[in-house]
>>> print(open('query_34.cif').read())   # mmCIF, C-alpha atoms and all ligand atoms
data_input
#
loop_
_atom_site.label_atom_id
_atom_site.label_comp_id
_atom_site.auth_asym_id
_atom_site.auth_seq_id
_atom_site.Cartn_x
_atom_site.Cartn_y
_atom_site.Cartn_z
CA MET A 248 31.79 0.91 11.20
CA SER A 249 34.63 2.95 9.71
CA PRO A 250 34.32 6.67 10.40
CA LEU A 251 35.87 7.30 6.99
CA ARG A 252 32.82 5.92 5.25
CA TRP A 253 30.49 8.62 6.44
CA PRO A 254 32.12 11.52 8.22
CA ALA A 255 29.31 13.88 7.26
CA GLY A 256 26.68 11.68 8.88
CA GLU A 257 28.65 11.38 12.09
CA LYS A 258 29.15 15.11 12.27
CA MET A 259 25.48 15.72 11.61
CA LYS A 260 24.52 13.33 14.40
CA ALA A 261 26.88 15.00 16.86
CA MET A 262 25.59 18.47 16.06
CA ARG A 263 21.94 17.59 16.15
CA ASP A 264 19.51 18.32 18.93
CA SER A 265 18.33 14.84 19.89
CA SER A 266 14.86 16.07 20.84
CA LYS A 267 14.21 17.02 17.21
CA MET A 268 13.80 14.84 14.14
CA LEU A 269 13.33 15.19 10.41
CA ALA A 270 9.80 14.59 9.10
CA ALA A 271 7.88 15.12 5.85
CA VAL A 272 4.76 17.22 6.45
CA LEU A 273 1.99 17.77 3.89
CA TYR A 274 0.81 21.37 3.81
CA GLY A 275 -1.67 21.06 0.97
CA LYS A 276 -1.93 20.26 -2.71
CA GLU A 277 1.53 19.22 -3.97
CA ASP A 278 3.09 20.98 -1.00
CA LEU A 279 5.23 18.52 0.93
CA ARG A 280 7.95 19.96 3.19
CA LEU A 281 10.78 18.61 5.29
CA GLU A 282 10.74 19.94 8.80
CA MET A 283 12.47 19.50 12.12
CA VAL A 284 9.77 18.52 14.60
CA PRO A 285 9.89 17.20 18.18
CA VAL A 286 10.68 13.51 18.61
CA PRO A 287 7.48 11.99 20.04
CA VAL A 288 7.41 10.74 23.63
CA PRO A 289 5.18 7.72 24.30
CA GLY A 290 2.26 8.10 26.73
CA HIS A 291 0.37 5.29 28.41
CA GLY A 292 0.17 2.20 26.23
CA GLU A 293 1.99 3.91 23.36
CA ILE A 294 5.31 3.13 21.72
CA VAL A 295 7.68 5.17 19.57
CA VAL A 296 9.13 3.40 16.55
CA ARG A 297 12.37 4.43 14.89
CA VAL A 298 11.31 4.11 11.25
CA ALA A 299 13.65 1.83 9.32
CA ALA A 300 11.69 1.75 6.05
CA ALA A 301 8.56 3.57 4.86
CA LEU A 302 6.98 2.75 1.51
CA THR A 303 5.40 5.02 -1.06
CA CYS A 304 1.77 4.25 -1.82
CA GLY A 305 -0.87 5.17 -4.37
CA THR A 306 -3.04 6.57 -1.58
CA ASP A 307 -0.24 8.91 -0.50
CA LEU A 308 0.13 10.08 -4.09
CA LYS A 309 -3.62 10.70 -4.30
CA VAL A 310 -3.55 12.72 -1.08
CA TYR A 311 -0.50 14.65 -2.33
CA ARG A 312 -2.30 15.47 -5.59
CA ARG A 313 -5.55 16.50 -3.89
CA GLY A 314 -4.06 18.09 -0.78
CA TYR A 315 -6.43 16.35 1.64
CA HIS A 316 -7.94 13.00 2.59
CA ALA A 317 -11.44 12.40 3.93
CA LYS A 318 -10.07 10.12 6.65
CA MET A 319 -7.21 12.36 7.74
CA LEU A 320 -7.13 15.68 9.51
CA GLN A 321 -6.75 18.87 7.54
CA PRO A 322 -3.19 19.86 6.59
CA PRO A 323 -0.56 20.36 7.82
CA ILE A 324 -0.42 16.60 8.36
CA PRO A 325 2.43 14.17 8.99
CA PHE A 326 2.70 12.03 5.86
CA GLY A 327 3.17 8.34 4.99
CA HIS A 328 1.54 5.24 6.47
CA GLU A 329 3.38 2.05 5.42
CA LEU A 330 6.32 1.41 7.70
CA ALA A 331 8.43 -0.95 9.73
CA GLY A 332 11.11 -0.18 12.28
CA THR A 333 12.50 -0.82 15.72
CA VAL A 334 10.87 0.14 18.98
CA ALA A 335 12.78 3.13 20.34
CA SER A 336 10.84 3.68 23.56
CA VAL A 337 7.72 2.40 25.27
CA GLY A 338 5.19 4.20 27.43
CA PRO A 339 3.90 3.11 30.85
CA GLY A 340 1.72 0.00 30.70
CA VAL A 341 3.32 -1.50 27.59
CA THR A 342 4.28 -5.10 28.28
CA ARG A 343 4.26 -6.73 24.84
CA PHE A 344 7.10 -4.69 23.38
CA GLU A 345 10.44 -3.37 24.48
CA PRO A 346 13.10 -1.13 22.91
CA GLY A 347 14.95 -2.92 20.12
CA ASP A 348 11.99 -5.03 18.97
CA ARG A 349 11.53 -5.06 15.19
CA VAL A 350 7.90 -4.28 14.38
CA VAL A 351 5.33 -3.42 11.76
CA ALA A 352 2.75 -0.98 13.11
CA LEU A 353 -0.33 -0.85 10.90
CA ASN A 354 -1.90 2.47 9.97
CA SER A 355 -5.20 1.86 11.77
CA ALA A 356 -7.01 -0.17 14.41
CA PRO A 357 -10.74 -0.69 14.95
CA CYS A 358 -12.64 -0.24 18.24
CA ASP A 359 -14.16 -3.75 18.24
CA GLU A 360 -17.25 -2.37 19.99
CA CYS A 361 -19.34 -0.49 17.42
CA PHE A 362 -22.06 -1.93 15.17
CA PHE A 363 -19.67 -2.58 12.27
CA CYS A 364 -16.93 -4.14 14.40
CA THR A 365 -19.40 -6.52 16.01
CA HIS A 366 -20.79 -7.45 12.59
CA GLY A 367 -17.51 -8.62 11.08
CA GLN A 368 -16.74 -5.34 9.32
CA GLN A 369 -13.93 -3.82 11.35
CA ASN A 370 -12.71 -2.08 8.20
CA LEU A 371 -15.83 0.10 8.47
CA CYS A 372 -15.41 0.81 12.21
CA GLU A 373 -17.10 4.06 13.21
CA ASP A 374 -14.09 4.94 15.32
CA LEU A 375 -11.25 3.65 13.17
CA ILE A 376 -8.05 5.28 14.44
CA PHE A 377 -5.66 6.25 11.65
CA ASN A 378 -1.96 6.88 12.12
CA ASN A 379 0.18 8.84 9.68
CA GLY A 380 3.70 10.20 9.65
CA ALA A 381 5.82 7.29 8.42
CA TYR A 382 8.12 9.58 6.40
CA ALA A 383 9.97 10.60 9.54
CA GLU A 384 12.76 9.35 11.74
CA TYR A 385 10.35 8.35 14.51
CA LEU A 386 6.64 7.66 14.70
CA LEU A 387 4.35 7.54 17.73
CA ILE A 388 2.06 4.50 17.68
CA PRO A 389 -1.28 5.06 19.44
CA GLU A 390 -2.27 2.70 22.25
CA ARG A 391 -4.97 0.91 20.27
CA ILE A 392 -2.68 0.17 17.34
CA VAL A 393 -0.01 -1.07 19.76
CA ALA A 394 -2.57 -3.39 21.34
CA LYS A 395 -4.28 -4.65 18.18
CA ASN A 396 -2.23 -4.05 15.07
CA THR A 397 1.49 -4.09 15.81
CA LEU A 398 3.32 -7.24 14.76
CA ARG A 399 6.80 -8.47 15.62
CA ILE A 400 9.00 -9.05 12.54
CA PRO A 401 11.05 -12.26 12.36
CA GLU A 402 14.81 -11.70 12.14
CA HIS A 403 15.12 -12.96 8.57
CA VAL A 404 12.58 -10.50 7.14
CA ALA A 405 13.83 -7.10 5.92
CA PHE A 406 12.06 -3.99 7.17
CA GLU A 407 11.15 -2.84 3.66
CA HIS A 408 9.43 -6.17 3.02
CA ALA A 409 7.60 -6.23 6.34
CA ALA A 410 6.26 -2.75 5.54
CA LEU A 411 4.28 -4.28 2.66
CA THR A 412 1.84 -5.71 5.20
CA GLU A 413 -0.55 -2.75 5.03
CA PRO A 414 -1.25 -2.52 1.28
CA LEU A 415 -1.22 -6.30 1.04
CA ALA A 416 -3.80 -6.53 3.84
CA CYS A 417 -6.18 -4.36 1.78
CA VAL A 418 -5.70 -6.75 -1.13
CA VAL A 419 -6.17 -9.86 1.03
CA ARG A 420 -9.40 -8.42 2.40
CA GLY A 421 -10.52 -7.50 -1.11
CA LEU A 422 -9.85 -10.99 -2.39
CA GLU A 423 -11.74 -12.56 0.52
CA GLU A 424 -14.70 -10.29 -0.19
CA THR A 425 -14.66 -11.32 -3.83
CA ALA A 426 -15.13 -14.95 -2.74
CA ALA A 427 -13.00 -16.32 -5.59
CA VAL A 428 -11.79 -19.91 -5.22
CA ALA A 429 -8.98 -22.00 -6.69
CA GLY A 430 -9.63 -22.83 -10.32
CA ASP A 431 -11.62 -19.63 -10.94
CA THR A 432 -10.76 -17.22 -13.72
CA MET A 433 -10.21 -13.64 -12.58
CA ILE A 434 -9.64 -10.52 -14.64
CA VAL A 435 -7.60 -7.79 -12.94
CA LEU A 436 -7.93 -4.35 -14.52
CA GLY A 437 -4.87 -2.22 -13.86
CA ALA A 438 -1.21 -3.01 -13.13
CA GLY A 439 -0.37 -0.37 -10.56
CA PRO A 440 0.98 -1.57 -7.18
CA ILE A 441 -2.46 -2.71 -6.01
CA GLY A 442 -3.38 -4.40 -9.31
CA LEU A 443 -0.10 -6.31 -9.30
CA MET A 444 -0.55 -7.38 -5.69
CA PHE A 445 -4.04 -8.62 -6.54
CA MET A 446 -2.70 -10.68 -9.43
CA HIS A 447 -0.06 -12.23 -7.23
CA VAL A 448 -2.26 -13.00 -4.22
CA ALA A 449 -4.91 -14.46 -6.56
CA GLU A 450 -2.27 -16.62 -8.25
CA LEU A 451 -1.10 -17.84 -4.83
CA ALA A 452 -4.73 -18.80 -4.14
CA GLY A 453 -4.78 -20.95 -7.28
CA ILE A 454 -6.82 -18.53 -9.37
CA ASP A 455 -6.21 -18.19 -13.10
CA VAL A 456 -5.46 -14.49 -13.67
CA ILE A 457 -5.97 -12.44 -16.83
CA ALA A 458 -4.47 -8.95 -16.57
CA VAL A 459 -5.65 -5.91 -18.51
CA VAL A 460 -2.86 -3.34 -18.59
CA LYS A 461 -2.19 -0.03 -20.24
CA ARG A 462 1.52 0.24 -20.92
CA GLU A 463 4.06 -2.05 -22.54
CA ASP A 464 6.28 -2.12 -19.44
CA GLN A 465 3.33 -3.39 -17.42
CA VAL A 466 2.95 -6.52 -19.55
CA ALA A 467 6.09 -8.11 -18.11
CA SER A 468 5.24 -7.01 -14.56
CA ALA A 469 1.77 -8.51 -14.82
CA ARG A 470 3.30 -11.81 -15.89
CA LEU A 471 5.92 -11.62 -13.14
CA PHE A 472 3.15 -11.09 -10.58
CA GLY A 473 1.20 -14.11 -11.69
CA ALA A 474 -1.01 -13.21 -14.65
CA ARG A 475 -1.16 -16.15 -17.04
CA GLN A 476 -2.52 -14.00 -19.86
CA VAL A 477 -2.19 -10.27 -20.45
CA VAL A 478 -4.27 -7.94 -22.62
CA ARG A 479 -2.81 -4.58 -23.44
CA VAL A 480 -5.25 -1.72 -23.96
CA SER A 481 -4.97 -0.02 -27.32
CA ASP A 482 -7.26 2.35 -29.19
CA GLU A 483 -8.09 0.12 -32.10
CA ARG A 484 -9.19 -2.80 -30.01
CA ASP A 485 -12.44 -3.75 -28.33
CA ILE A 486 -10.89 -4.45 -24.96
CA VAL A 487 -13.97 -6.06 -23.43
CA SER A 488 -14.21 -8.63 -26.24
CA ALA A 489 -10.46 -9.23 -26.16
CA ALA A 490 -10.50 -9.98 -22.44
CA ARG A 491 -13.67 -12.08 -22.57
CA ALA A 492 -12.20 -14.14 -25.41
CA LEU A 493 -9.49 -15.36 -23.00
CA THR A 494 -12.01 -16.71 -20.45
CA PRO A 495 -13.30 -20.33 -20.62
CA ASP A 496 -15.83 -20.62 -23.49
CA GLY A 497 -15.69 -16.83 -23.71
CA ARG A 498 -18.36 -16.61 -21.02
CA GLY A 499 -16.59 -13.93 -19.01
CA ALA A 500 -14.52 -14.09 -15.82
CA ASP A 501 -15.83 -15.55 -12.59
CA SER A 502 -14.69 -12.33 -10.96
CA VAL A 503 -13.25 -9.01 -12.06
CA ILE A 504 -11.12 -6.70 -9.92
CA GLU A 505 -11.19 -3.04 -10.94
CA ALA A 506 -7.94 -1.40 -9.82
CA VAL A 507 -7.74 1.65 -12.07
CA ALA A 508 -10.44 3.91 -10.59
CA THR A 509 -11.98 5.43 -13.71
CA PRO A 510 -15.68 5.36 -14.74
CA MET A 511 -14.66 3.68 -18.01
CA THR A 512 -12.91 0.76 -16.31
CA TRP A 513 -15.77 0.39 -13.82
CA GLY A 514 -17.97 -0.14 -16.88
CA TRP A 515 -15.55 -2.61 -18.44
CA ALA A 516 -15.49 -4.64 -15.23
CA VAL A 517 -19.26 -5.20 -15.42
CA ASP A 518 -19.01 -6.09 -19.11
CA MET A 519 -16.19 -8.60 -18.57
CA VAL A 520 -17.70 -10.67 -15.74
CA ARG A 521 -19.73 -13.82 -16.43
CA LYS A 522 -23.36 -14.34 -15.47
CA GLY A 523 -23.52 -14.99 -11.75
CA GLY A 524 -20.03 -13.56 -11.26
CA THR A 525 -18.65 -10.90 -8.94
CA VAL A 526 -17.13 -7.50 -9.66
CA ASN A 527 -15.01 -5.82 -7.02
CA PHE A 528 -14.56 -2.09 -7.57
CA PHE A 529 -11.32 -1.76 -5.65
CA GLY A 530 -10.14 1.53 -7.12
CA GLY A 531 -11.95 4.61 -5.79
CA PRO A 532 -12.49 7.49 -8.24
CA PRO A 533 -12.73 11.01 -6.73
CA SER A 534 -15.87 11.68 -4.65
CA GLY A 535 -18.85 12.82 -6.70
CA THR A 536 -17.93 10.56 -9.64
CA ARG A 537 -20.91 8.89 -11.36
CA VAL A 538 -20.72 5.81 -13.55
CA ALA A 539 -23.04 4.33 -16.21
CA LEU A 540 -23.49 0.56 -15.91
CA ASP A 541 -25.54 -1.83 -18.05
CA THR A 542 -28.50 -2.54 -15.75
CA ASN A 543 -29.75 -5.28 -18.07
CA ARG A 544 -26.49 -7.18 -17.62
CA LEU A 545 -26.49 -6.57 -13.90
CA HIS A 546 -30.04 -7.80 -13.35
CA TYR A 547 -30.46 -10.63 -15.86
CA GLY A 548 -26.85 -11.68 -15.37
CA ASP A 549 -27.35 -11.88 -11.62
CA ILE A 550 -24.08 -10.05 -11.04
CA THR A 551 -22.73 -9.27 -7.58
CA LEU A 552 -21.07 -5.87 -7.10
CA LYS A 553 -18.61 -5.31 -4.28
CA ALA A 554 -16.40 -2.36 -3.40
CA SER A 555 -13.88 -3.39 -0.78
CA PHE A 556 -12.22 -0.79 1.39
CA HIS A 557 -9.27 -0.99 3.78
CA HIS A 558 -8.38 -3.96 5.98
CA THR A 559 -9.14 -5.82 9.20
CA PRO A 560 -6.71 -7.08 11.87
CA ALA A 561 -7.24 -10.64 10.57
CA ALA A 562 -6.39 -9.58 7.00
CA CYS A 563 -3.27 -7.82 8.31
CA ARG A 564 -2.10 -11.06 9.88
CA THR A 565 -2.75 -13.04 6.71
CA ALA A 566 -0.81 -10.46 4.69
CA PHE A 567 2.02 -10.45 7.22
CA GLU A 568 2.23 -14.23 6.94
CA LEU A 569 2.37 -14.01 3.13
CA VAL A 570 5.40 -11.72 3.43
CA THR A 571 7.24 -13.39 6.29
CA SER A 572 6.80 -16.88 4.82
CA GLY A 573 8.47 -15.69 1.63
CA ARG A 574 5.46 -16.63 -0.50
CA PHE A 575 4.81 -13.06 -1.61
CA LYS A 576 7.28 -11.54 -4.09
CA ALA A 577 8.43 -8.78 -1.76
CA VAL A 578 11.83 -8.31 -3.40
CA GLU A 579 10.22 -7.65 -6.79
CA THR A 580 7.74 -5.18 -5.29
CA ILE A 581 10.36 -2.74 -3.99
CA THR A 582 11.66 -1.13 -7.17
CA GLY A 583 13.25 2.02 -5.78
CA ARG A 584 15.02 3.38 -2.73
CA ALA A 585 15.35 6.89 -1.38
CA THR A 586 16.40 8.78 1.71
CA LEU A 587 13.95 10.79 3.79
CA SER A 588 15.33 14.08 2.49
CA GLN A 589 14.48 12.97 -1.06
CA VAL A 590 10.77 12.46 -0.29
CA PRO A 591 9.42 15.84 -1.54
CA GLU A 592 11.33 15.38 -4.81
CA LEU A 593 10.18 11.78 -5.05
CA PHE A 594 6.49 12.72 -4.90
CA LYS A 595 6.98 15.45 -7.46
CA LYS A 596 8.44 12.81 -9.76
CA MET A 597 5.70 10.27 -9.01
CA LEU A 598 3.06 12.75 -10.20
CA THR A 599 4.34 12.53 -13.74
CA ARG A 600 5.85 9.05 -13.68
CA SER A 601 3.36 7.44 -16.05
CA ARG A 602 4.39 9.85 -18.79
CA HIS A 603 8.17 9.54 -18.72
CA LEU A 604 9.07 6.33 -17.13
CA PRO A 605 12.41 4.66 -17.69
CA LYS A 606 11.28 1.42 -16.03
CA LEU A 607 8.36 0.16 -14.05
CA GLU A 608 8.14 1.57 -10.56
CA ILE A 609 6.01 -0.28 -8.07
CA LYS A 610 7.05 0.91 -4.64
CA THR A 611 9.91 3.02 -3.35
CA ALA A 612 11.31 2.32 0.11
CA VAL A 613 12.25 5.46 2.02
CA PHE A 614 15.02 5.12 4.58
CA PRO A 615 15.11 7.87 7.21
CA GLY A 616 18.85 7.60 7.90
CA PRO A 617 21.07 10.70 8.20
CA GLY A 618 20.99 11.05 4.46
CA THR A 619 23.65 8.90 2.86
CA PHE A 620 22.97 5.61 1.16
CA ALA A 621 25.99 4.07 2.88
CA ASP A 622 24.24 4.69 6.16
CA LEU A 623 21.21 2.70 5.12
CA ALA A 624 23.01 -0.60 5.43
CA GLU A 625 23.33 0.00 9.17
CA HIS A 626 19.65 -0.52 10.00
CA GLU A 627 18.54 -2.32 6.85
CA PRO A 628 20.81 -5.32 6.28
CA ALA A 629 18.94 -6.27 3.10
CA PHE A 630 19.96 -2.94 1.67
CA ALA A 631 23.68 -3.59 1.96
CA GLY A 632 23.69 -5.90 -1.04
CA ALA A 633 21.34 -3.76 -3.08
CA ALA A 634 23.00 -0.35 -2.68
CA ARG A 635 23.47 1.42 -5.97
ZN ZN B 1 -0.96 2.35 1.44
ZN ZN B 2 -15.67 -0.18 15.67
#
>>> encode(input="query_34.cif", output="structure tokens", more="lines below")
Ligand SMILES: [Zn+2]
Ligand SMILES: [Zn+2]
Amino acid sequence: MSPLRWPAGEKMKAMRDSSKMLAAVLYGKEDLRLEMVPVPVPGHGEIVVRVAAALTCGTDLKVYRRGYHAKMLQPPIPFGHELAGTVASVGPGVTRFEPGDRVVALNSAPCDECFFCTHGQQNLCEDLIFNNGAYAEYLLIPERIVAKNTLRIPEHVAFEHAALTEPLACVVRGLEETAAVAGDTMIVLGAGPIGLMFMHVAELAGIDVIAVVKREDQVASARLFGARQVVRVSDERDIVSAARALTPDGRGADSVIEAVATPMTWGWAVDMVRKGGTVNFFGGPPSGTRVALDTNRLHYGDITLKASFHHTPAACRTAFELVTSGRFKAVETITGRATLSQVPELFKKMLTRSRHLPKLEIKTAVFPGPGTFADLAEHEPAFAGAAR
């Protein structure tokens, strides 16, 4: 590595106190700050991961906008939860991992002992441990996540792609809950990151996908991610009829995935499904939201309503396999790259992105290097070719 390429980074490294690291901390509503905090030290059964790539996520944006999350502690809170990196240090008792291992550490792990865990619903575990703080140079991984939800990344898989395991696991679990099978017709409402992942995973499962999207730029993305037909929402159109008209004999879709999270689209989902079909309300509107659904359709149409949340260790492994096997379009999913120091600015921009968007943004990979893009190539080989 030529010192001429990045003298500033080298100098910064030399001057820095190695017991401190840069981290993004959420202080409240739209208040995200960069801070120097202590580098974590692993206790029994724990590991510390040097974050190589952390991905932006719709949930993070929601938390940023609202300033809190029901499942997280009150601010100030370390921020970010989709990551991959290398093991920097291991605590006493850790035998499965050693420094230098490339890993994905999921953002939670269930207890496997409570009522829900022993009834096949680990996603609803009463003692689900959550881990946050991926937008940082290092992250401490709790013992239970090390034991149950940390996966070793094959050499050929880039960190930024491996980090997709978490959101994809939620989608895999959601699809399993929807009980759709090959040959089914599925309508996916919404073409945000989760909607697009749903389309793609459904397509991989042999399901015929119809996408309902809002913006023009989302039409091409929906097709890229596996939708065979796309309906664009516009004021002058009856969107329910337009979508139903694309289903076999116009009878409605076998299943509908709601991935927008508005009362209106929750209603559409019920109106677009066929008799005997399943609706999965995957997008969660703010707490306290009420919706009006056609009870006649629900009852006489014998419609099943689901609302999948989060993931299970098994779903995480399925998702991980989708990425590492190359079946999932990971390259197309990462549409932006940023350094850790750009994270506060990035979230500010994401708040308004739907209004002035030059191109479709799905996920941005954050690289916690010393701050120059040239440096990123060092720990993210896949980035070397993509630097811009
Ligand atoms: Zn996420
Ligand atoms: Zn449990």
>>> residues_around(input="query_34.cif", residues="Asp348 (chain A)", least_positions_apart="3", cutoff="7 Å", atoms="only C-alpha atoms", output="list of chain:residue names")
A:Thr333, A:Val334, A:Phe344, A:Glu345
>>> write_last_selection(input="query_34.cif", atoms="C-alpha atoms", output="mmCIF file, keeping the file's coordinate frame")
data_model
loop_
_atom_site.group_PDB
_atom_site.id
_atom_site.type_symbol
_atom_site.label_atom_id
_atom_site.label_comp_id
_atom_site.auth_asym_id
_atom_site.auth_seq_id
_atom_site.Cartn_x
_atom_site.Cartn_y
_atom_site.Cartn_z
ATOM 1 C CA THR A 333 12.500 -0.820 15.720
ATOM 2 C CA VAL A 334 10.870 0.140 18.980
ATOM 3 C CA PHE A 344 7.100 -4.690 23.380
ATOM 4 C CA GLU A 345 10.440 -3.370 24.480
#
>>> residues_near_ligand(input="query_34.cif", ligand="ligand ZN 1 (chain B)", cutoff="7 Å", atoms="only C-alpha atoms and all ligand atoms", output="PyMOL selection string")
chain A and resi 304-307+328-329+413-414
>>> atom_distance(input="query_34.cif", atom1="CA of Arg479 (chain A)", atom2="CA of Glu608 (chain A)")
18.0 Å
>>> closest_atom_pairs(input="query_34.cif", of="chain A", to="ligand ZN 2 (chain B)", cutoff="7 Å", atoms="only C-alpha atoms and all ligand atoms", output="JSON lines")
{"residue": "A:Pro357", "atom": "CA", "partner": "B:ZN2", "partner_atom": "ZN", "distance": 5.0}
{"residue": "A:Cys358", "atom": "CA", "partner": "B:ZN2", "partner_atom": "ZN", "distance": 4.0}
{"residue": "A:Asp359", "atom": "CA", "partner": "B:ZN2", "partner_atom": "ZN", "distance": 4.7}
{"residue": "A:Glu360", "atom": "CA", "partner": "B:ZN2", "partner_atom": "ZN", "distance": 5.1}
{"residue": "A:Cys361", "atom": "CA", "partner": "B:ZN2", "partner_atom": "ZN", "distance": 4.1}
{"residue": "A:Phe362", "atom": "CA", "partner": "B:ZN2", "partner_atom": "ZN", "distance": 6.6}
{"residue": "A:Phe363", "atom": "CA", "partner": "B:ZN2", "partner_atom": "ZN", "distance": 5.8}
{"residue": "A:Cys364", "atom": "CA", "partner": "B:ZN2", "partner_atom": "ZN", "distance": 4.3}
{"residue": "A:Gln369", "atom": "CA", "partner": "B:ZN2", "partner_atom": "ZN", "distance": 5.9}
{"residue": "A:Cys372", "atom": "CA", "partner": "B:ZN2", "partner_atom": "ZN", "distance": 3.6}
{"residue": "A:Glu373", "atom": "CA", "partner": "B:ZN2", "partner_atom": "ZN", "distance": 5.1}
{"residue": "A:Asp374", "atom": "CA", "partner": "B:ZN2", "partner_atom": "ZN", "distance": 5.4}
{"residue": "A:Leu375", "atom": "CA", "partner": "B:ZN2", "partner_atom": "ZN", "distance": 6.4}
>>> residues_around(input="query_34.cif", residues="Pro323 (chain A)", least_positions_apart="2", cutoff="9 Å", atoms="only C-alpha atoms", output="compact mmCIF listing (two decimals) with C-alpha atoms, keeping the file's coordinate frame")
# COMPACT_ATOMS: atom_id res chain seq x y z
CA VAL A 272 4.76 17.22 6.45
CA LEU A 273 1.99 17.77 3.89
CA TYR A 274 0.81 21.37 3.81
CA GLY A 275 -1.67 21.06 0.97
CA LEU A 320 -7.13 15.68 9.51
CA GLN A 321 -6.75 18.87 7.54
CA PRO A 325 2.43 14.17 8.99
>>> atom_distance(input="query_34.cif", atom1="CA of Val478 (chain A)", atom2="CA of Thr494 (chain A)")
11.9 Å
>>> atom_distance(input="query_34.cif", atom1="CA of Pro615 (chain A)", atom2="CA of Ser588 (chain A)")
7.8 Å
>>> closest_residue(input="query_34.cif", among="A:Lys576, A:Lys276, A:Lys522, A:His447", to="Arg313 (chain A)", atoms="only C-alpha atoms")
A:Lys276
>>> residues_near_point(input="query_34.cif", point="(-15.6, -9.4, -7.1)", cutoff="6 Å", atoms="all atoms listed in the file", output="PyMOL selection string")
chain A and resi 425+502-504+525-527+553
>>> residues_around(input="query_34.cif", residues="Thr559 (chain A)", least_positions_apart="3", cutoff="10 Å", atoms="only C-alpha atoms", output="count of residues only")
20
>>> closest_residue(input="query_34.cif", among="A:Ala335, A:Leu587, A:Val613, A:Ile376", to="Ile392 (chain A)", atoms="all atoms listed in the file")
A:Ile376
>>> closest_residue(input="query_34.cif", among="A:Met433, A:Leu471, A:Val456, A:Ile581", to="Ala516 (chain A)", atoms="all atoms listed in the file")
A:Met433
>>> closest_residue(input="query_34.cif", among="A:Val337, A:Ile434, A:Ala383, A:Ala489", to="Met283 (chain A)", atoms="all atoms listed in the file")
A:Ala383
>>> closest_residue(input="query_34.cif", among="A:Ala492, A:Val487, A:Ala429, A:Val517", to="Arg544 (chain A)", atoms="all atoms listed in the file")
A:Val517
>>> residues_around(input="query_34.cif", residues="Ala410 (chain A)", least_positions_apart="2", cutoff="6 Å", atoms="all atoms listed in the file", output="list in words")
Glu329, Leu330, Ala331, Glu407, His408 and Thr412 of chain A
>>> closest_residue(input="query_34.cif", among="A:Arg537, A:Arg491, A:Arg399, A:Arg462", to="Phe567 (chain A)", atoms="all atoms listed in the file")
A:Arg399
>>> axis_aligned_box(input="query_34.cif", around="region 418-425 of chain A", padding_each_side="4 Å", output="AutoDock Vina command-line options")
--center_x -10.2 --center_y -9.7 --center_z -0.7 --size_x 17.0 --size_y 13.8 --size_z 14.2
>>> residues_around(input="query_34.cif", residues="Gln589 (chain A)", least_positions_apart="3", cutoff="10 Å", atoms="all atoms listed in the file", output="short mmCIF file (atom, residue, chain, number, x, y, z; two decimals) with C-alpha atoms, in the frame of the given file")
data_model
loop_
_atom_site.label_atom_id
_atom_site.label_comp_id
_atom_site.auth_asym_id
_atom_site.auth_seq_id
_atom_site.Cartn_x
_atom_site.Cartn_y
_atom_site.Cartn_z
CA ALA A 271 7.88 15.12 5.85
CA LEU A 281 10.78 18.61 5.29
CA ARG A 584 15.02 3.38 -2.73
CA ALA A 585 15.35 6.89 -1.38
CA THR A 586 16.40 8.78 1.71
CA GLU A 592 11.33 15.38 -4.81
CA LEU A 593 10.18 11.78 -5.05
CA PHE A 594 6.49 12.72 -4.90
CA VAL A 613 12.25 5.46 2.02
CA PHE A 614 15.02 5.12 4.58
CA PRO A 615 15.11 7.87 7.21
CA GLY A 618 20.99 11.05 4.46
#
